[in-house]
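Visitor: One structure, pasted below without further comment.
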Amino acid sequence: MSDNSSPKMLQSETLRTRIAYDYVPGNSQKPVLMFLHGLHSGMESSKCIHGMALAARLGLGAVRFDYPCHGASDGEFVDFTIGQALQAAKDVVAHIDRPVVVVGSSTGAWVALLLAHALPDKVRGIVTVANACDFTERLYWDPLSDEEKQDWQTSGVRVEPADEGEIWQIGYTLVDEGRRHMLLEGDKLAAVTCPARLLHGMADDVVPWHFSTDVAEKLGGADVKVELVKDADHRFKREGDLALMEQAIFSLPVW
């Protein structure tokens, strides 16, 4: 955390759970940088930590938090939903009561878009990295066979291999509830008109880079730019990748 202590805890009355967060107010005349992490990650991710350090160097406000069922926030991952992440982001914005520029990675990119749609007066700009918009349907559900879909619905849990021999238990509710937040079908993204920068590695073997171009095509704002990095992977955490993230943030016409 920014003060080398345990994270602060924010009580979400809507979710009836506690959200771990870290907030540094910084310059009150500028928007606050909000960092949204990916799935199975947390506010201790490299991009969140790098972003908080960047804000500190420049005297800007910055906030990061763990989604429910992630990191130091309450809950077990098997119960996680996209709606929980969105509500937690809304709660954090309400708590700090400042306009924000949202920087979202992978799942956090989807949440950033949802937040911009829900709070257009508060979200002044967005930067996404490895945008995983609508991934629960496009990456988790659609590739399955009918038998696999039925098994997941019946059992309520699907096991997915993770790094170093671990496994993740993914609740069917993640997919089922995620359908309430789909953005690429219909015209919901047309209502997101704030400036946007979308970064994606073309060597990303988790989320295909065309997810970012798909989003860019549907966003309603005129100031939308996509940058593809041929040799960058999903983590997008090399020194050069993080430098591109910084450039994208400060290319937004909000500072």
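Residue numbering restarts at 1 in every chain; chains get A, B, ... in the order shown in the structure tokens, and ligands count up from 1 in that same order.
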Just want the 12 Å neighbourhood of Cys194 of chain A, counted on only C-alpha atoms, with same-chain residues fewer than 3 positions away dropped. Output as a PDB file with C-alpha atoms, in the first residue's frame.
Guide:
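Once everything was written out, this is out_32.pdb:
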```
ATOM      1  CA  VAL A 100     -11.601   9.793 -12.704  1.00  0.00           C
ATOM      2  CA  VAL A 101      -9.504   8.601 -15.608  1.00  0.00           C
ATOM      3  CA  VAL A 102      -9.895   4.828 -15.595  1.00  0.00           C
ATOM      4  CA  ALA A 112     -13.790   0.489 -17.198  1.00  0.00           C
ATOM      5  CA  LEU A 113     -16.159   0.581 -20.172  1.00  0.00           C
ATOM      6  CA  LEU A 115     -18.179   2.349 -15.493  1.00  0.00           C
ATOM      7  CA  ALA A 116     -17.899   4.967 -18.254  1.00  0.00           C
ATOM      8  CA  HIS A 117     -21.326   3.913 -19.490  1.00  0.00           C
ATOM      9  CA  LEU A 119     -21.126   7.290 -14.812  1.00  0.00           C
ATOM     10  CA  PRO A 120     -20.478   9.475 -17.875  1.00  0.00           C
ATOM     11  CA  ASP A 121     -20.213  12.624 -15.753  1.00  0.00           C
ATOM     12  CA  LYS A 122     -17.496  11.110 -13.556  1.00  0.00           C
ATOM     13  CA  VAL A 123     -15.349   9.204 -16.071  1.00  0.00           C
ATOM     14  CA  ARG A 124     -13.284  11.729 -18.047  1.00  0.00           C
ATOM     15  CA  GLY A 125     -11.277   9.213 -20.062  1.00  0.00           C
ATOM     16  CA  ILE A 126     -10.341   5.552 -20.303  1.00  0.00           C
ATOM     17  CA  VAL A 127      -7.203   3.598 -21.119  1.00  0.00           C
ATOM     18  CA  LEU A 189     -20.818   1.382 -26.442  1.00  0.00           C
ATOM     19  CA  ALA A 190     -22.087   4.237 -28.603  1.00  0.00           C
ATOM     20  CA  ALA A 191     -23.081   5.937 -25.343  1.00  0.00           C
ATOM     21  CA  ARG A 197      -6.942   4.738 -25.708  1.00  0.00           C
ATOM     22  CA  ALA A 216     -12.970   0.844 -30.734  1.00  0.00           C
ATOM     23  CA  LEU A 219     -17.322   3.470 -29.078  1.00  0.00           C
ATOM     24  CA  GLY A 220     -19.321   6.653 -29.585  1.00  0.00           C
ATOM     25  CA  GLY A 221     -16.571   9.206 -29.034  1.00  0.00           C
ATOM     26  CA  ALA A 222     -14.528  10.868 -31.758  1.00  0.00           C
ATOM     27  CA  ASP A 223     -11.243  10.673 -29.815  1.00  0.00           C
ATOM     28  CA  VAL A 224     -10.549   6.928 -29.875  1.00  0.00           C
ATOM     29  CA  LYS A 225      -7.135   5.437 -30.649  1.00  0.00           C
ATOM     30  CA  LEU A 252      -5.924  12.074 -23.066  1.00  0.00           C
ATOM     31  CA  PRO A 253      -7.040  15.715 -23.315  1.00  0.00           C
ATOM     32  CA  VAL A 254      -8.128  15.932 -19.673  1.00  0.00           C
TER      33      VAL A 254
END
```
Visitor: Just list the residues in segment 26-144 of chain A DSSP gives helix (DSSP H, G or I) on the backbone, as a PDB file with N, CA and C atoms, in the first residue's frame.
Guide:
```pdb
ATOM      1  N   SER A  46       1.409  -5.547 -11.328  1.00  0.00           N
ATOM      2  CA  SER A  46       2.496  -4.664 -11.758  1.00  0.00           C
ATOM      3  C   SER A  46       1.969  -3.361 -12.338  1.00  0.00           C
ATOM      4  N   LYS A  47       0.887  -3.422 -13.113  1.00  0.00           N
ATOM      5  CA  LYS A  47       0.372  -2.199 -13.740  1.00  0.00           C
ATOM      6  C   LYS A  47      -0.254  -1.270 -12.708  1.00  0.00           C
ATOM      7  N   CYS A  48      -0.937  -1.833 -11.719  1.00  0.00           N
ATOM      8  CA  CYS A  48      -1.506  -0.989 -10.657  1.00  0.00           C
ATOM      9  C   CYS A  48      -0.406  -0.324  -9.838  1.00  0.00           C
ATOM     10  N   ILE A  49       0.601  -1.102  -9.474  1.00  0.00           N
ATOM     11  CA  ILE A  49       1.705  -0.551  -8.682  1.00  0.00           C
ATOM     12  C   ILE A  49       2.450   0.510  -9.481  1.00  0.00           C
ATOM     13  N   HIS A  50       2.728   0.233 -10.745  1.00  0.00           N
ATOM     14  CA  HIS A  50       3.424   1.201 -11.596  1.00  0.00           C
ATOM     15  C   HIS A  50       2.611   2.479 -11.720  1.00  0.00           C
ATOM     16  N   GLY A  51       1.295   2.328 -11.890  1.00  0.00           N
ATOM     17  CA  GLY A  51       0.437   3.498 -12.045  1.00  0.00           C
ATOM     18  C   GLY A  51       0.384   4.354 -10.794  1.00  0.00           C
ATOM     19  N   MET A  52       0.335   3.721  -9.622  1.00  0.00           N
ATOM     20  CA  MET A  52       0.312   4.476  -8.372  1.00  0.00           C
ATOM     21  C   MET A  52       1.623   5.229  -8.181  1.00  0.00           C
ATOM     22  N   ALA A  53       2.730   4.585  -8.534  1.00  0.00           N
ATOM     23  CA  ALA A  53       4.035   5.251  -8.406  1.00  0.00           C
ATOM     24  C   ALA A  53       4.138   6.430  -9.373  1.00  0.00           C
ATOM     25  N   LEU A  54       3.618   6.249 -10.575  1.00  0.00           N
ATOM     26  CA  LEU A  54       3.605   7.336 -11.552  1.00  0.00           C
ATOM     27  C   LEU A  54       2.811   8.526 -11.021  1.00  0.00           C
ATOM     28  N   ALA A  55       1.635   8.260 -10.493  1.00  0.00           N
ATOM     29  CA  ALA A  55       0.804   9.339  -9.948  1.00  0.00           C
ATOM     30  C   ALA A  55       1.519  10.053  -8.803  1.00  0.00           C
ATOM     31  N   ALA A  56       2.195   9.295  -7.959  1.00  0.00           N
ATOM     32  CA  ALA A  56       2.906   9.890  -6.826  1.00  0.00           C
ATOM     33  C   ALA A  56       4.004  10.832  -7.310  1.00  0.00           C
ATOM     34  N   ARG A  57       4.726  10.419  -8.351  1.00  0.00           N
ATOM     35  CA  ARG A  57       5.813  11.262  -8.878  1.00  0.00           C
ATOM     36  C   ARG A  57       5.276  12.581  -9.427  1.00  0.00           C
ATOM     37  N   LEU A  58       4.079  12.535  -9.988  1.00  0.00           N
ATOM     38  CA  LEU A  58       3.513  13.721 -10.631  1.00  0.00           C
ATOM     39  C   LEU A  58       2.535  14.481  -9.740  1.00  0.00           C
ATOM     40  N   PHE A  77     -13.310 -16.504  -4.838  1.00  0.00           N
ATOM     41  CA  PHE A  77     -13.347 -16.258  -6.273  1.00  0.00           C
ATOM     42  C   PHE A  77     -14.493 -16.970  -6.982  1.00  0.00           C
ATOM     43  N   VAL A  78     -14.843 -18.139  -6.543  1.00  0.00           N
ATOM     44  CA  VAL A  78     -15.897 -18.905  -7.218  1.00  0.00           C
ATOM     45  C   VAL A  78     -17.214 -18.137  -7.248  1.00  0.00           C
ATOM     46  N   ASP A  79     -17.378 -17.166  -6.367  1.00  0.00           N
ATOM     47  CA  ASP A  79     -18.617 -16.379  -6.298  1.00  0.00           C
ATOM     48  C   ASP A  79     -18.533 -15.054  -7.053  1.00  0.00           C
ATOM     49  N   ILE A  82     -19.033 -10.046 -12.752  1.00  0.00           N
ATOM     50  CA  ILE A  82     -18.671  -8.753 -13.335  1.00  0.00           C
ATOM     51  C   ILE A  82     -19.466  -7.628 -12.674  1.00  0.00           C
ATOM     52  N   GLY A  83     -20.723  -7.903 -12.355  1.00  0.00           N
ATOM     53  CA  GLY A  83     -21.549  -6.898 -11.687  1.00  0.00           C
ATOM     54  C   GLY A  83     -20.971  -6.467 -10.349  1.00  0.00           C
ATOM     55  N   GLN A  84     -20.343  -7.401  -9.636  1.00  0.00           N
ATOM     56  CA  GLN A  84     -19.709  -7.044  -8.370  1.00  0.00           C
ATOM     57  C   GLN A  84     -18.553  -6.065  -8.598  1.00  0.00           C
ATOM     58  N   ALA A  85     -17.751  -6.347  -9.618  1.00  0.00           N
ATOM     59  CA  ALA A  85     -16.619  -5.464  -9.916  1.00  0.00           C
ATOM     60  C   ALA A  85     -17.114  -4.076 -10.296  1.00  0.00           C
ATOM     61  N   LEU A  86     -18.161  -4.019 -11.101  1.00  0.00           N
ATOM     62  CA  LEU A  86     -18.717  -2.724 -11.499  1.00  0.00           C
ATOM     63  C   LEU A  86     -19.264  -1.968 -10.303  1.00  0.00           C
ATOM     64  N   GLN A  87     -20.021  -2.637  -9.454  1.00  0.00           N
ATOM     65  CA  GLN A  87     -20.579  -1.961  -8.282  1.00  0.00           C
ATOM     66  C   GLN A  87     -19.476  -1.491  -7.350  1.00  0.00           C
ATOM     67  N   ALA A  88     -18.446  -2.300  -7.174  1.00  0.00           N
ATOM     68  CA  ALA A  88     -17.326  -1.882  -6.334  1.00  0.00           C
ATOM     69  C   ALA A  88     -16.660  -0.634  -6.901  1.00  0.00           C
ATOM     70  N   ALA A  89     -16.494  -0.584  -8.225  1.00  0.00           N
ATOM     71  CA  ALA A  89     -15.906   0.602  -8.856  1.00  0.00           C
ATOM     72  C   ALA A  89     -16.790   1.822  -8.629  1.00  0.00           C
ATOM     73  N   LYS A  90     -18.090   1.656  -8.750  1.00  0.00           N
ATOM     74  CA  LYS A  90     -19.014   2.763  -8.474  1.00  0.00           C
ATOM     75  C   LYS A  90     -18.886   3.227  -7.025  1.00  0.00           C
ATOM     76  N   ASP A  91     -18.793   2.277  -6.113  1.00  0.00           N
ATOM     77  CA  ASP A  91     -18.673   2.625  -4.695  1.00  0.00           C
ATOM     78  C   ASP A  91     -17.396   3.409  -4.421  1.00  0.00           C
ATOM     79  N   VAL A  92     -16.306   3.002  -5.053  1.00  0.00           N
ATOM     80  CA  VAL A  92     -15.036   3.696  -4.853  1.00  0.00           C
ATOM     81  C   VAL A  92     -15.114   5.116  -5.415  1.00  0.00           C
ATOM     82  N   VAL A  93     -15.702   5.276  -6.608  1.00  0.00           N
ATOM     83  CA  VAL A  93     -15.857   6.614  -7.188  1.00  0.00           C
ATOM     84  C   VAL A  93     -16.708   7.494  -6.274  1.00  0.00           C
ATOM     85  N   ALA A  94     -17.786   6.942  -5.754  1.00  0.00           N
ATOM     86  CA  ALA A  94     -18.646   7.709  -4.842  1.00  0.00           C
ATOM     87  C   ALA A  94     -17.886   8.087  -3.569  1.00  0.00           C
ATOM     88  N   HIS A  95     -17.048   7.186  -3.103  1.00  0.00           N
ATOM     89  CA  HIS A  95     -16.309   7.425  -1.867  1.00  0.00           C
ATOM     90  C   HIS A  95     -15.289   8.546  -2.029  1.00  0.00           C
ATOM     91  N   ILE A  96     -14.553   8.552  -3.141  1.00  0.00           N
ATOM     92  CA  ILE A  96     -13.539   9.592  -3.320  1.00  0.00           C
ATOM     93  C   ILE A  96     -14.154  10.890  -3.832  1.00  0.00           C
ATOM     94  N   THR A 107      -9.881  -7.925 -17.763  1.00  0.00           N
ATOM     95  CA  THR A 107     -11.224  -7.799 -17.190  1.00  0.00           C
ATOM     96  C   THR A 107     -11.479  -6.366 -16.733  1.00  0.00           C
ATOM     97  N   GLY A 108     -10.446  -5.719 -16.202  1.00  0.00           N
ATOM     98  CA  GLY A 108     -10.582  -4.334 -15.768  1.00  0.00           C
ATOM     99  C   GLY A 108     -10.929  -3.389 -16.900  1.00  0.00           C
ATOM    100  N   ALA A 109     -10.544  -3.752 -18.127  1.00  0.00           N
ATOM    101  CA  ALA A 109     -10.906  -2.928 -19.286  1.00  0.00           C
ATOM    102  C   ALA A 109     -12.411  -2.989 -19.528  1.00  0.00           C
ATOM    103  N   TRP A 110     -12.991  -4.175 -19.396  1.00  0.00           N
ATOM    104  CA  TRP A 110     -14.450  -4.319 -19.520  1.00  0.00           C
ATOM    105  C   TRP A 110     -15.144  -3.502 -18.437  1.00  0.00           C
ATOM    106  N   VAL A 111     -14.655  -3.616 -17.206  1.00  0.00           N
ATOM    107  CA  VAL A 111     -15.249  -2.865 -16.099  1.00  0.00           C
ATOM    108  C   VAL A 111     -15.109  -1.363 -16.337  1.00  0.00           C
ATOM    109  N   ALA A 112     -13.979  -0.929 -16.896  1.00  0.00           N
ATOM    110  CA  ALA A 112     -13.790   0.489 -17.198  1.00  0.00           C
ATOM    111  C   ALA A 112     -14.839   0.992 -18.179  1.00  0.00           C
ATOM    112  N   LEU A 113     -15.135   0.201 -19.200  1.00  0.00           N
ATOM    113  CA  LEU A 113     -16.159   0.581 -20.172  1.00  0.00           C
ATOM    114  C   LEU A 113     -17.538   0.638 -19.528  1.00  0.00           C
ATOM    115  N   LEU A 114     -17.825  -0.339 -18.695  1.00  0.00           N
ATOM    116  CA  LEU A 114     -19.111  -0.352 -17.988  1.00  0.00           C
ATOM    117  C   LEU A 114     -19.247   0.851 -17.066  1.00  0.00           C
ATOM    118  N   LEU A 115     -18.153   1.207 -16.401  1.00  0.00           N
ATOM    119  CA  LEU A 115     -18.179   2.349 -15.493  1.00  0.00           C
ATOM    120  C   LEU A 115     -18.388   3.642 -16.273  1.00  0.00           C
ATOM    121  N   ALA A 116     -17.724   3.774 -17.420  1.00  0.00           N
ATOM    122  CA  ALA A 116     -17.899   4.967 -18.254  1.00  0.00           C
ATOM    123  C   ALA A 116     -19.329   5.065 -18.773  1.00  0.00           C
ATOM    124  N   HIS A 117     -19.930   3.928 -19.050  1.00  0.00           N
ATOM    125  CA  HIS A 117     -21.326   3.913 -19.490  1.00  0.00           C
ATOM    126  C   HIS A 117     -22.260   4.308 -18.358  1.00  0.00           C
ATOM    127  N   ALA A 118     -21.959   3.830 -17.148  1.00  0.00           N
ATOM    128  CA  ALA A 118     -22.835   4.072 -15.989  1.00  0.00           C
ATOM    129  C   ALA A 118     -22.659   5.475 -15.406  1.00  0.00           C
ATOM    130  N   PHE A 135     -15.765 -11.071 -22.271  1.00  0.00           N
ATOM    131  CA  PHE A 135     -14.995 -12.311 -22.346  1.00  0.00           C
ATOM    132  C   PHE A 135     -15.739 -13.506 -21.778  1.00  0.00           C
ATOM    133  N   THR A 136     -16.631 -13.299 -20.822  1.00  0.00           N
ATOM    134  CA  THR A 136     -17.309 -14.447 -20.213  1.00  0.00           C
ATOM    135  C   THR A 136     -18.087 -15.245 -21.250  1.00  0.00           C
ATOM    136  N   GLU A 137     -18.653 -14.546 -22.209  1.00  0.00           N
ATOM    137  CA  GLU A 137     -19.392 -15.225 -23.278  1.00  0.00           C
ATOM    138  C   GLU A 137     -18.452 -15.630 -24.414  1.00  0.00           C
ATOM    139  N   ARG A 138     -17.620 -14.712 -24.838  1.00  0.00           N
ATOM    140  CA  ARG A 138     -16.807 -14.937 -26.048  1.00  0.00           C
ATOM    141  C   ARG A 138     -15.660 -15.929 -25.825  1.00  0.00           C
ATOM    142  N   LEU A 139     -15.075 -15.924 -24.635  1.00  0.00           N
ATOM    143  CA  LEU A 139     -13.928 -16.784 -24.375  1.00  0.00           C
ATOM    144  C   LEU A 139     -14.250 -17.981 -23.479  1.00  0.00           C
ATOM    145  N   TYR A 140     -15.188 -17.804 -22.556  1.00  0.00           N
ATOM    146  CA  TYR A 140     -15.488 -18.877 -21.618  1.00  0.00           C
ATOM    147  C   TYR A 140     -16.633 -19.775 -22.082  1.00  0.00           C
ATOM    148  N   TRP A 141     -17.662 -19.182 -22.647  1.00  0.00           N
ATOM    149  CA  TRP A 141     -18.880 -19.943 -22.937  1.00  0.00           C
ATOM    150  C   TRP A 141     -18.954 -20.436 -24.379  1.00  0.00           C
TER     151      TRP A 141
END
```
Visitor: Nearest to His70 of chain A: which of A:Ser105, A:Tyr21, A:Asn131, A:Leu33 is it, counting only C-alpha atoms?
Guide: A:Tyr21
Visitor: So that I can check the secondary structure, give me every residue of segment 13-153 of chain A assigned strand (DSSP E or B) by backbone DSSP, as a PyMOL selection string.
Guide: chain A and resi 17-24+32-36+62-65+100-105+123-129
Visitor: Next, dump the selected residues to file, keeping only N, CA and C atoms, as a compact mmCIF listing (two decimals), in the first residue's frame.
Guide:
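Ended up saving to part-v5.txt:
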```txt
# COMPACT_ATOMS: atom_id res chain seq x y z
N THR A 17 -20.51 -6.20 1.41
CA THR A 17 -19.18 -6.77 1.54
C THR A 17 -18.17 -5.63 1.69
N ARG A 18 -16.94 -5.98 2.04
CA ARG A 18 -15.90 -4.97 2.20
C ARG A 18 -14.94 -5.01 1.02
N ILE A 19 -14.54 -3.82 0.58
CA ILE A 19 -13.64 -3.68 -0.56
C ILE A 19 -12.32 -3.09 -0.06
N ALA A 20 -11.24 -3.78 -0.34
CA ALA A 20 -9.91 -3.27 0.02
C ALA A 20 -9.47 -2.26 -1.03
N TYR A 21 -8.98 -1.11 -0.57
CA TYR A 21 -8.58 -0.08 -1.52
C TYR A 21 -7.41 0.74 -0.99
N ASP A 22 -6.79 1.48 -1.91
CA ASP A 22 -5.67 2.37 -1.59
C ASP A 22 -5.90 3.66 -2.36
N TYR A 23 -5.95 4.78 -1.68
CA TYR A 23 -6.26 6.07 -2.30
C TYR A 23 -5.31 7.13 -1.84
N VAL A 24 -4.74 7.85 -2.81
CA VAL A 24 -3.90 9.02 -2.53
C VAL A 24 -4.53 10.21 -3.23
N VAL A 32 -8.63 11.93 -10.87
CA VAL A 32 -7.93 10.86 -10.15
C VAL A 32 -7.72 9.68 -11.11
N LEU A 33 -6.52 9.13 -11.12
CA LEU A 33 -6.27 7.91 -11.89
C LEU A 33 -6.82 6.72 -11.13
N MET A 34 -7.69 5.97 -11.76
CA MET A 34 -8.25 4.76 -11.15
C MET A 34 -7.73 3.55 -11.90
N PHE A 35 -7.15 2.61 -11.18
CA PHE A 35 -6.57 1.42 -11.80
C PHE A 35 -7.41 0.19 -11.49
N LEU A 36 -7.81 -0.52 -12.55
CA LEU A 36 -8.65 -1.71 -12.44
C LEU A 36 -7.87 -2.92 -12.94
N ALA A 62 -4.68 9.14 -7.13
CA ALA A 62 -4.74 7.80 -7.69
C ALA A 62 -5.45 6.86 -6.72
N VAL A 63 -6.15 5.89 -7.27
CA VAL A 63 -6.86 4.91 -6.44
C VAL A 63 -6.81 3.56 -7.12
N ARG A 64 -6.67 2.54 -6.33
CA ARG A 64 -6.73 1.16 -6.80
C ARG A 64 -7.51 0.37 -5.76
N PHE A 65 -8.04 -0.76 -6.15
CA PHE A 65 -8.80 -1.57 -5.20
C PHE A 65 -8.86 -3.01 -5.70
N VAL A 100 -12.66 10.79 -12.57
CA VAL A 100 -11.60 9.79 -12.70
C VAL A 100 -11.22 9.58 -14.17
N VAL A 101 -9.97 9.19 -14.36
CA VAL A 101 -9.50 8.60 -15.61
C VAL A 101 -9.24 7.14 -15.28
N VAL A 102 -9.92 6.24 -15.96
CA VAL A 102 -9.89 4.83 -15.60
C VAL A 102 -8.93 4.07 -16.50
N VAL A 103 -8.01 3.35 -15.86
CA VAL A 103 -7.04 2.53 -16.57
C VAL A 103 -7.34 1.07 -16.21
N GLY A 104 -7.84 0.32 -17.18
CA GLY A 104 -8.27 -1.04 -16.91
C GLY A 104 -7.53 -2.07 -17.73
N SER A 105 -7.11 -3.15 -17.09
CA SER A 105 -6.37 -4.21 -17.74
C SER A 105 -7.23 -5.46 -17.85
N VAL A 123 -16.48 9.81 -15.35
CA VAL A 123 -15.35 9.20 -16.07
C VAL A 123 -14.94 10.14 -17.21
N ARG A 124 -13.76 10.73 -17.09
CA ARG A 124 -13.28 11.73 -18.05
C ARG A 124 -12.50 11.11 -19.20
N GLY A 125 -12.02 9.89 -19.01
CA GLY A 125 -11.28 9.21 -20.06
C GLY A 125 -10.97 7.79 -19.64
N ILE A 126 -10.68 6.93 -20.62
CA ILE A 126 -10.34 5.55 -20.30
C ILE A 126 -9.12 5.11 -21.10
N VAL A 127 -8.32 4.28 -20.46
CA VAL A 127 -7.20 3.60 -21.12
C VAL A 127 -7.38 2.11 -20.83
N THR A 128 -7.39 1.29 -21.88
CA THR A 128 -7.52 -0.14 -21.67
C THR A 128 -6.30 -0.86 -22.20
N VAL A 129 -5.95 -1.94 -21.51
CA VAL A 129 -4.83 -2.80 -21.89
C VAL A 129 -5.37 -4.22 -22.02
```
Visitor: Excluding Asp233 of chain A and any residue of its chain fewer than 3 positions from it, enumerate the residues within 8 Å of it, using only C-alpha atoms, and give them as a PyMOL selection string.
Guide: chain A and resi 201-205+236
Visitor: What gap, in Å, lies between atom CA of Trp255 of chain A and atom CA of Pro31 of chain A?
Guide: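 So the answer is 7.6 Å.
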Visitor: Tell me, as a list in words, which residues lie within 7 Å of Gly26 of chain A, counting only C-alpha atoms; anything in the same chain fewer than 2 positions away does not count.
Guide: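 Residues meeting the cut-off are Val24, Ser28, Gly59, Leu60 and Gly61 of chain A.
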Visitor: Between atom CA of Glu246 of chain A and atom CA of Lys8 of chain A, what is the spacing in Å?
Guide: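 Taking atom CA of Lys8 of chain A and atom CA of Glu246 of chain A, their separation equals 26.0 Å.
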Visitor: Go ahead and compute the interatomic distance for atom CA of Met9 of chain A and atom CA of Met43 of chain A, in Å to one decimal.
Guide: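 We find that atom CA of Met9 of chain A and atom CA of Met43 of chain A lie 13.2 Å from each other.
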